[in-house]
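For reference, the structure is listed below as structure tokens.
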Amino acid sequence: MNLSRRISYGSLLSKDEKSDYSTKTPVPVPGCYKFSEMSTESVPFLMAVSREQLTMDNGKAESMFSHPNGCYVSRTKAFGFILLVTLLAVAVGFITYNMTPCGTPILTTPSTDLTEGSSFKKLTDVLLPTNIRPLYYKIDLIPYIDPTKNFTIDGKIAIDILCLEETQKITVHVKNVTVHPSTVLLSMVSKSRGIGGNDETVSFTVKNQEYDIPREFYNITFNQSLKPMVTYRLYMEFEALLGDELAGFYRSSYTDKATNETRWIGVTQFQATDARRAFPCFDEPSLKAEFEVSLGRIRNMTTLSNMDLRTTEDMVGKPDWVWDHYNKSVPMSTYLVAFAVTDFEYLESNRSYSKPLFRVWARKDAIEQSKFSQEVGPKILTHFEEYFNIDFPLPKLDMIALPDFSAGAMENWGLITYRETAMLFDPNVSSDSSMQRVAVVIAHEIAHQWFGNLVTPSWWSDLWLNEGFASYVEYIGVDMVFPEWKILEQFVTDEVHEVFGLDALDSSHPISVQVHHPDEISEIFDTISYSKGASIIRMMNHFLTQPSFNKGLTNYLNKWKYNNTEQSNLWTALTEQAHLDKTLDNHLTVGEIMDTWTLQKGFPVVLVERNYPQKTANFTQVKFSLNRNESLAAEYDSYKWWVPISYATSDYNNNFTKTRPEFWISKKYKSRTHEVHADKRDWLIVNVQETGFYRVNYDQKNWNFIINQLNTDHKKIHTVNRAQLLDDSLNLARASLLPYDVTFNVTQFLRNDEDYIPWQAFLNNFHYISTMFLRSPSFGSFKKYMVELLEKQYERVGFVETPTDSMLMKYHRINILSMTCSVGHPDCIDQAKNFFSDWMNKTDPDNDNPIPTNLRRLIYCNGIRFGSEREWDFAWQRYLGSNVAYEKAIILTALACSRETWILNRYMIWSIKPDSGIRKQDCRSVLAAVAGNDVGNFLAFNFVRDRWLEIKNYFSTGFSMGRVIKSIAGKLNTKFELMELQDFKSRYESDLGSSARAVEQAIETVQANIAWMDKNFKVITDWLEQSNMISV
């Protein structure tokens, strides 16, 4: 966390907000903010004057803002006390005014090493002490979702805690929260009433209180000691802000289409460490507790929380306000707590689809777009109940689409929050890929209700247990509802191939990685945790068999429900079941296998060298690296995995259905020789359906056999393995492990292959070659080759869909048209321009769009790319006027396709301006899209370099530009550009925050690009020229 030393809370407010905030209690500034020797005996008096005491009696209304009680004193004594306090305050103010600089007093922290103007050093000792464990929270919040109220939050909280070791200090997390020190109370809870009861005994005297801003701690020290195994109740009142950082309890807004008025709402995003922005808490995933929430609202709004609503009552002293009291939750982590205060509408799903109440929420103008989610969500929920063999434990599940949301979605237990693009679908406007994405995201978040919510990793180091599992079973959930989509085949190109590229870098990281600071936690919400995690779980499912895998998961979830685990606990459950089912050798454990995949980075390439006369093959594992660094040769050699070997030949497993391993390469050995069921004139393909997380290389003779089969009858080889052969061969060549002439020969069968999956693998890889050649004199030869290769497919798919087109056929059409237009095919470009022109000529273009929904992204981009300012302005107006989030998203990306540098620069400036019309959540999408533009790449690099601190301050929290940086680096391939990137890192090293790992990966990517150009540019150029001569 980078905070300036001399900072006041006022710096987080706008100019207008500051002008009205002076009457409120000051909020702490960085440093140890102490309140010394405060006796709780004085607190009831203060509370009786200004605030109400906590009421915990479950038989009555539960708001802590009502039912005043406490002890009272005479008016004379009260007047005397107030006069004394006033005189002391005046004296302190006089001294402060004359002894400190003008402005807010700055309180320093002895424990932080700072120099004037420097940033805080990143701390690693940020875990809470282990002497206290929370059991139960009672939270009352009144969010003022109103600019005239400065978007503040008034809160009261009571936390029942169990003391585990004797201590005089309690530490909780807070961030940008003002605790009112005079309200802090600690008392012993009567055993007879238990957790959440109302009988309290033995009040404690507060010795001092202090903020530790760098660690986001609030420390309370008492004169007496808390005793082990005794339950206490900690109470405090506080004030916070509904900020605009898209973190914590934050504000969002939208425009009502009917009235053109701005509507304000309050929503939450607490993962990973932002519950502390909303209320003081023990904000670590292992510190689960029950939560009982009361939310105040004005009468024309609606609130939601994790649990079902118990009662609503009028708010005392506020005639236009009411309290919504929610039932007590099951034990859960703070990051899963959620609130929403909106004026949204909802649709309730058919109760025959799911046992729990299931509702979808959206703004009134978009509620009809939630019907797809309304139908799909409860079906997936019911399927996962059957898949995990465990009922969903809550009485209801709400899903809500939010105008502003930093992530795609968040799995809050019982209240899942989404970006609008991830939950809403309009069949008249949105594409089929948008529909699939909505289904996938819903399945991902519902899967978390078990993996992540019911059972939660003890610390973020095992984040992959959450995200990897959800990223795998999301495909299973969608496949259950839409088997015709063949989404399980898409897994390989979307997940496995996607993460191979990142995990082949030396700057990658293990799936299970130690993290400490919140910045480090944010860094690992990346492709490794999600896609690699999902890929190795899929591998585990295949080597254990699905029945054993599912039973083991159910055992694990039942044993650890409402608790926290580490990955070893999962390995134990799966091992026990696999040994019982005899699907795993009794001398081998799942942990022994899987630790080689989770505790070290990277993955192997398996070299298969056949002994044809003896019908055997030698299988050797070596760490795969895109750009081998010889100084790390010893390190590379130390990497070994348990590698499951499955294979197919023309006479053995030729339907490619047997995915269980025939044998293993042990981590103890680099190689193993094994018999193979293959004739000496037969091809051998290893890693059936690419279920193992590794690449495969072959001796030249076997490659020739495979190439011959592909060219003779490619359908003899499974669709997924054809994609594997393309992806492996192209990346082996990129890593200088296979000659490019062999690789290009592998690709020749594509002229006759009409399947989406192999083409997707090919185009993903050839995009890299296209990018490397883009600024070279040989790009013309590359385009000529690609046009000739694509021609047959282009003529077949065309621009017109047919009613019989499958989902994968539609995706294939989009891929072929996109690549054909990108390499300058005249007819493709003309058709795209004509579609866009027809749209511009419509009388009512907002409601009459002739462009097919599945082709809009392609046509919008090319219309703007080959257009002028007129086309750009037309699209911008459509963006501003659209009510469909998906449509807005694809227009936003297409606007970055312009070749006018001044338009692109203006567009990037707008992306970081609050009132431009571009939401903060979309800023990085704009910058990444411009960086992906051939013309805009270096413009984006300059923009990010010149405005890094401005961009960082704009986001304020959760700042990560990893996606943008990777988009920039992907096109850089010269030593000068590498120096520029390294200079950027040096200049802003202390301000990179959560982007630090992405910058390291970007530098390594550029180094690999340079090495690739040195090794392969001439070879490919010669091959392309020869190929083009032959085709002529």
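We label chains A, B, ... in the order they appear in the structure tokens, count residues from 1 in each chain, and number ligands from 1 in the order shown.
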
With DSSP run on the backbone, what are the alpha helix (DSSP H) residues within stretch 746-900 of chain A? I'd like them as a VMD selection string. chain A and resid 746 to 747 756 to 773 779 to 797 807 to 822 826 to 840 856 to 865 869 to 881 885 to 894

Nearby residues (only C-alpha atoms) at most 12 Å from stretch 978-989 of chain A, same-chain spacing under 5 positions excluded, as a ChimeraX atom specification: /A:2,119,121-122,938,941-949,952,965-966,968-973,994-1011

Nearest candidate to A:Met807 (options A:Tyr612, A:Phe603, A:Trp485, A:Phe282; using only C-alpha atoms):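 Looking at the shortest contact to A:Met807, the residue is A:Trp485.
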
Distance query stretch 863-879 of chain A at most 7 Å, only C-alpha atoms, self and fewer than 6 positions along chain excluded, as a ChimeraX atom specification: /A:832-833,836,846,888,891,895,897-899

Generate a file of the selected residues that holds C-alpha atoms, formatted as an mmCIF file, in the first residue's frame.
```cif
data_model
loop_
_atom_site.group_PDB
_atom_site.id
_atom_site.type_symbol
_atom_site.label_atom_id
_atom_site.label_comp_id
_atom_site.auth_asym_id
_atom_site.auth_seq_id
_atom_site.Cartn_x
_atom_site.Cartn_y
_atom_site.Cartn_z
ATOM 1 C CA ALA A 832 -17.590 -5.094 -43.135
ATOM 2 C CA LYS A 833 -17.536 -1.470 -44.284
ATOM 3 C CA PHE A 836 -21.320 -0.406 -40.957
ATOM 4 C CA ASP A 846 -30.128 2.999 -31.831
ATOM 5 C CA LYS A 888 -21.550 -0.832 -24.808
ATOM 6 C CA ILE A 891 -18.398 -0.542 -28.968
ATOM 7 C CA LEU A 895 -13.539 2.602 -30.721
ATOM 8 C CA CYS A 897 -9.606 0.345 -33.681
ATOM 9 C CA SER A 898 -9.192 3.835 -35.158
ATOM 10 C CA ARG A 899 -5.962 4.573 -37.014
#
```

Applying 8 Å and only C-alpha atoms, which residues near A:Phe388 remain after dropping the ones on its own chain fewer than 6 positions away? List them as a list in words.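 Skipping anything fewer than 6 positions along the chain leaves Asn550, Leu553 and Thr554 of chain A.
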
May I have the selected residues written with all heavy atoms, as a CSV table (one decimal), in the first residue's frame?
```csv
chain,number,residue,atom,x,y,z
A,550,ASN,N,-15.3,-37.4,-7.8
A,550,ASN,CA,-16.5,-36.8,-7.2
A,550,ASN,C,-16.7,-37.2,-5.7
A,550,ASN,O,-17.1,-36.4,-4.9
A,550,ASN,CB,-17.7,-37.1,-8.1
A,550,ASN,CG,-17.7,-36.3,-9.3
A,550,ASN,OD1,-16.7,-35.6,-9.7
A,550,ASN,ND2,-18.8,-36.4,-10.1
A,553,LEU,N,-14.3,-35.4,-3.5
A,553,LEU,CA,-14.7,-34.0,-3.3
A,553,LEU,C,-15.8,-33.9,-2.3
A,553,LEU,O,-15.8,-33.0,-1.4
A,553,LEU,CB,-15.2,-33.4,-4.6
A,553,LEU,CG,-14.2,-33.1,-5.7
A,553,LEU,CD1,-14.8,-32.4,-6.8
A,553,LEU,CD2,-13.0,-32.3,-5.2
A,554,THR,N,-16.8,-34.8,-2.4
A,554,THR,CA,-17.9,-34.7,-1.4
A,554,THR,C,-17.5,-35.0,0.0
A,554,THR,O,-17.9,-34.3,0.9
A,554,THR,CB,-19.0,-35.7,-1.8
A,554,THR,OG1,-19.5,-35.4,-3.1
A,554,THR,CG2,-20.2,-35.7,-0.8
```

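Using only C-alpha atoms, the shortest contact distance between A:Ser837 and any of A:Thr649, A:Asn849, A:Thr205, A:Ser512 is found at A:Asn849.
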
So the first atom is atom CA of A:Ser625 and the second is atom CA of A:Ile717; what is the distance between them in Å, to one decimal place?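 Taking atom CA of A:Ser625 as the start and atom CA of A:Ile717 as the end point, the length is 27.2 Å.
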
Using only C-alpha atoms, which residues sit within 9 Å of A:Glu520 once same-chain residues fewer than 2 positions away are excluded, as JSON, numbers by chain? {"A": [514, 515, 516, 517, 518, 522, 523, 524, 993, 994, 996, 997]}

For stretch 745-761 of chain A: contacts at 8 Å, only C-alpha atoms, fewer than 6 positions along chain excluded, given as a PDB file with C-alpha atoms, in the first residue's frame:
```pdb
ATOM      1  CA  GLU A 489     -13.906 -29.211 -25.902  1.00  0.00           C
ATOM      2  CA  GLN A 490     -13.463 -25.458 -25.639  1.00  0.00           C
ATOM      3  CA  THR A 493      -8.094 -23.753 -26.134  1.00  0.00           C
ATOM      4  CA  HIS A 497      -3.444 -23.206 -24.164  1.00  0.00           C
ATOM      5  CA  ILE A 707       1.458 -35.067 -40.748  1.00  0.00           C
ATOM      6  CA  LEU A 710      -3.636 -35.226 -40.930  1.00  0.00           C
ATOM      7  CA  ASN A 711      -3.351 -34.627 -44.647  1.00  0.00           C
ATOM      8  CA  HIS A 714      -7.586 -35.528 -40.276  1.00  0.00           C
ATOM      9  CA  THR A 719     -10.623 -32.729 -32.505  1.00  0.00           C
ATOM     10  CA  VAL A 720      -8.934 -31.777 -29.240  1.00  0.00           C
ATOM     11  CA  ARG A 722      -5.633 -31.867 -33.547  1.00  0.00           C
ATOM     12  CA  ALA A 723      -5.722 -28.612 -31.592  1.00  0.00           C
ATOM     13  CA  GLN A 724      -3.010 -30.002 -29.326  1.00  0.00           C
ATOM     14  CA  LEU A 725      -0.764 -30.906 -32.259  1.00  0.00           C
ATOM     15  CA  LEU A 726      -1.074 -27.395 -33.678  1.00  0.00           C
ATOM     16  CA  ASP A 727      -0.504 -25.648 -30.365  1.00  0.00           C
ATOM     17  CA  SER A 729       4.176 -27.749 -32.703  1.00  0.00           C
ATOM     18  CA  LEU A 789      -4.691 -20.492 -46.369  1.00  0.00           C
ATOM     19  CA  LEU A 790      -7.943 -18.839 -45.282  1.00  0.00           C
ATOM     20  CA  LYS A 792     -11.429 -21.834 -48.690  1.00  0.00           C
ATOM     21  CA  GLN A 793     -12.715 -21.350 -45.164  1.00  0.00           C
ATOM     22  CA  LEU A 808     -18.983 -23.806 -32.608  1.00  0.00           C
ATOM     23  CA  MET A 809     -19.765 -23.061 -36.261  1.00  0.00           C
ATOM     24  CA  TYR A 811     -17.500 -19.125 -33.386  1.00  0.00           C
ATOM     25  CA  HIS A 812     -15.559 -20.533 -36.333  1.00  0.00           C
ATOM     26  CA  ASN A 815     -12.568 -16.376 -36.179  1.00  0.00           C
TER      27      ASN A 815
END
```

With a distance cut-off of 8 Å and only C-alpha atoms, select the neighbouring residues of A:Asp838, excluding the residue or stretch itself and same-chain residues fewer than 4 positions from it, and output the selection as a PyMOL selection string. chain A and resi 834+842+850

From the list A:Ile416, A:Ile909, A:Val686, A:Met1013, which residue is nearest A:Ser776 when using only C-alpha atoms?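 Result for the nearest residue to A:Ser776: A:Met1013.
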
Quick one: which stretch 450-548 of chain A residues come within 8 Å of stretch 320-335 of chain A, and what is the nearest atom pair for each with the distance in Å to one decimal, counting only C-alpha atoms, rows ordered by chain and ascending number, as a Markdown table?
```
| residue | atom | partner | partner_atom | distance |
| --- | --- | --- | --- | --- |
| A:Asn453 | CA | A:Met332 | CA | 6.9 |
| A:Leu454 | CA | A:Met332 | CA | 7.7 |
| A:Thr456 | CA | A:Ser333 | CA | 8.0 |
```
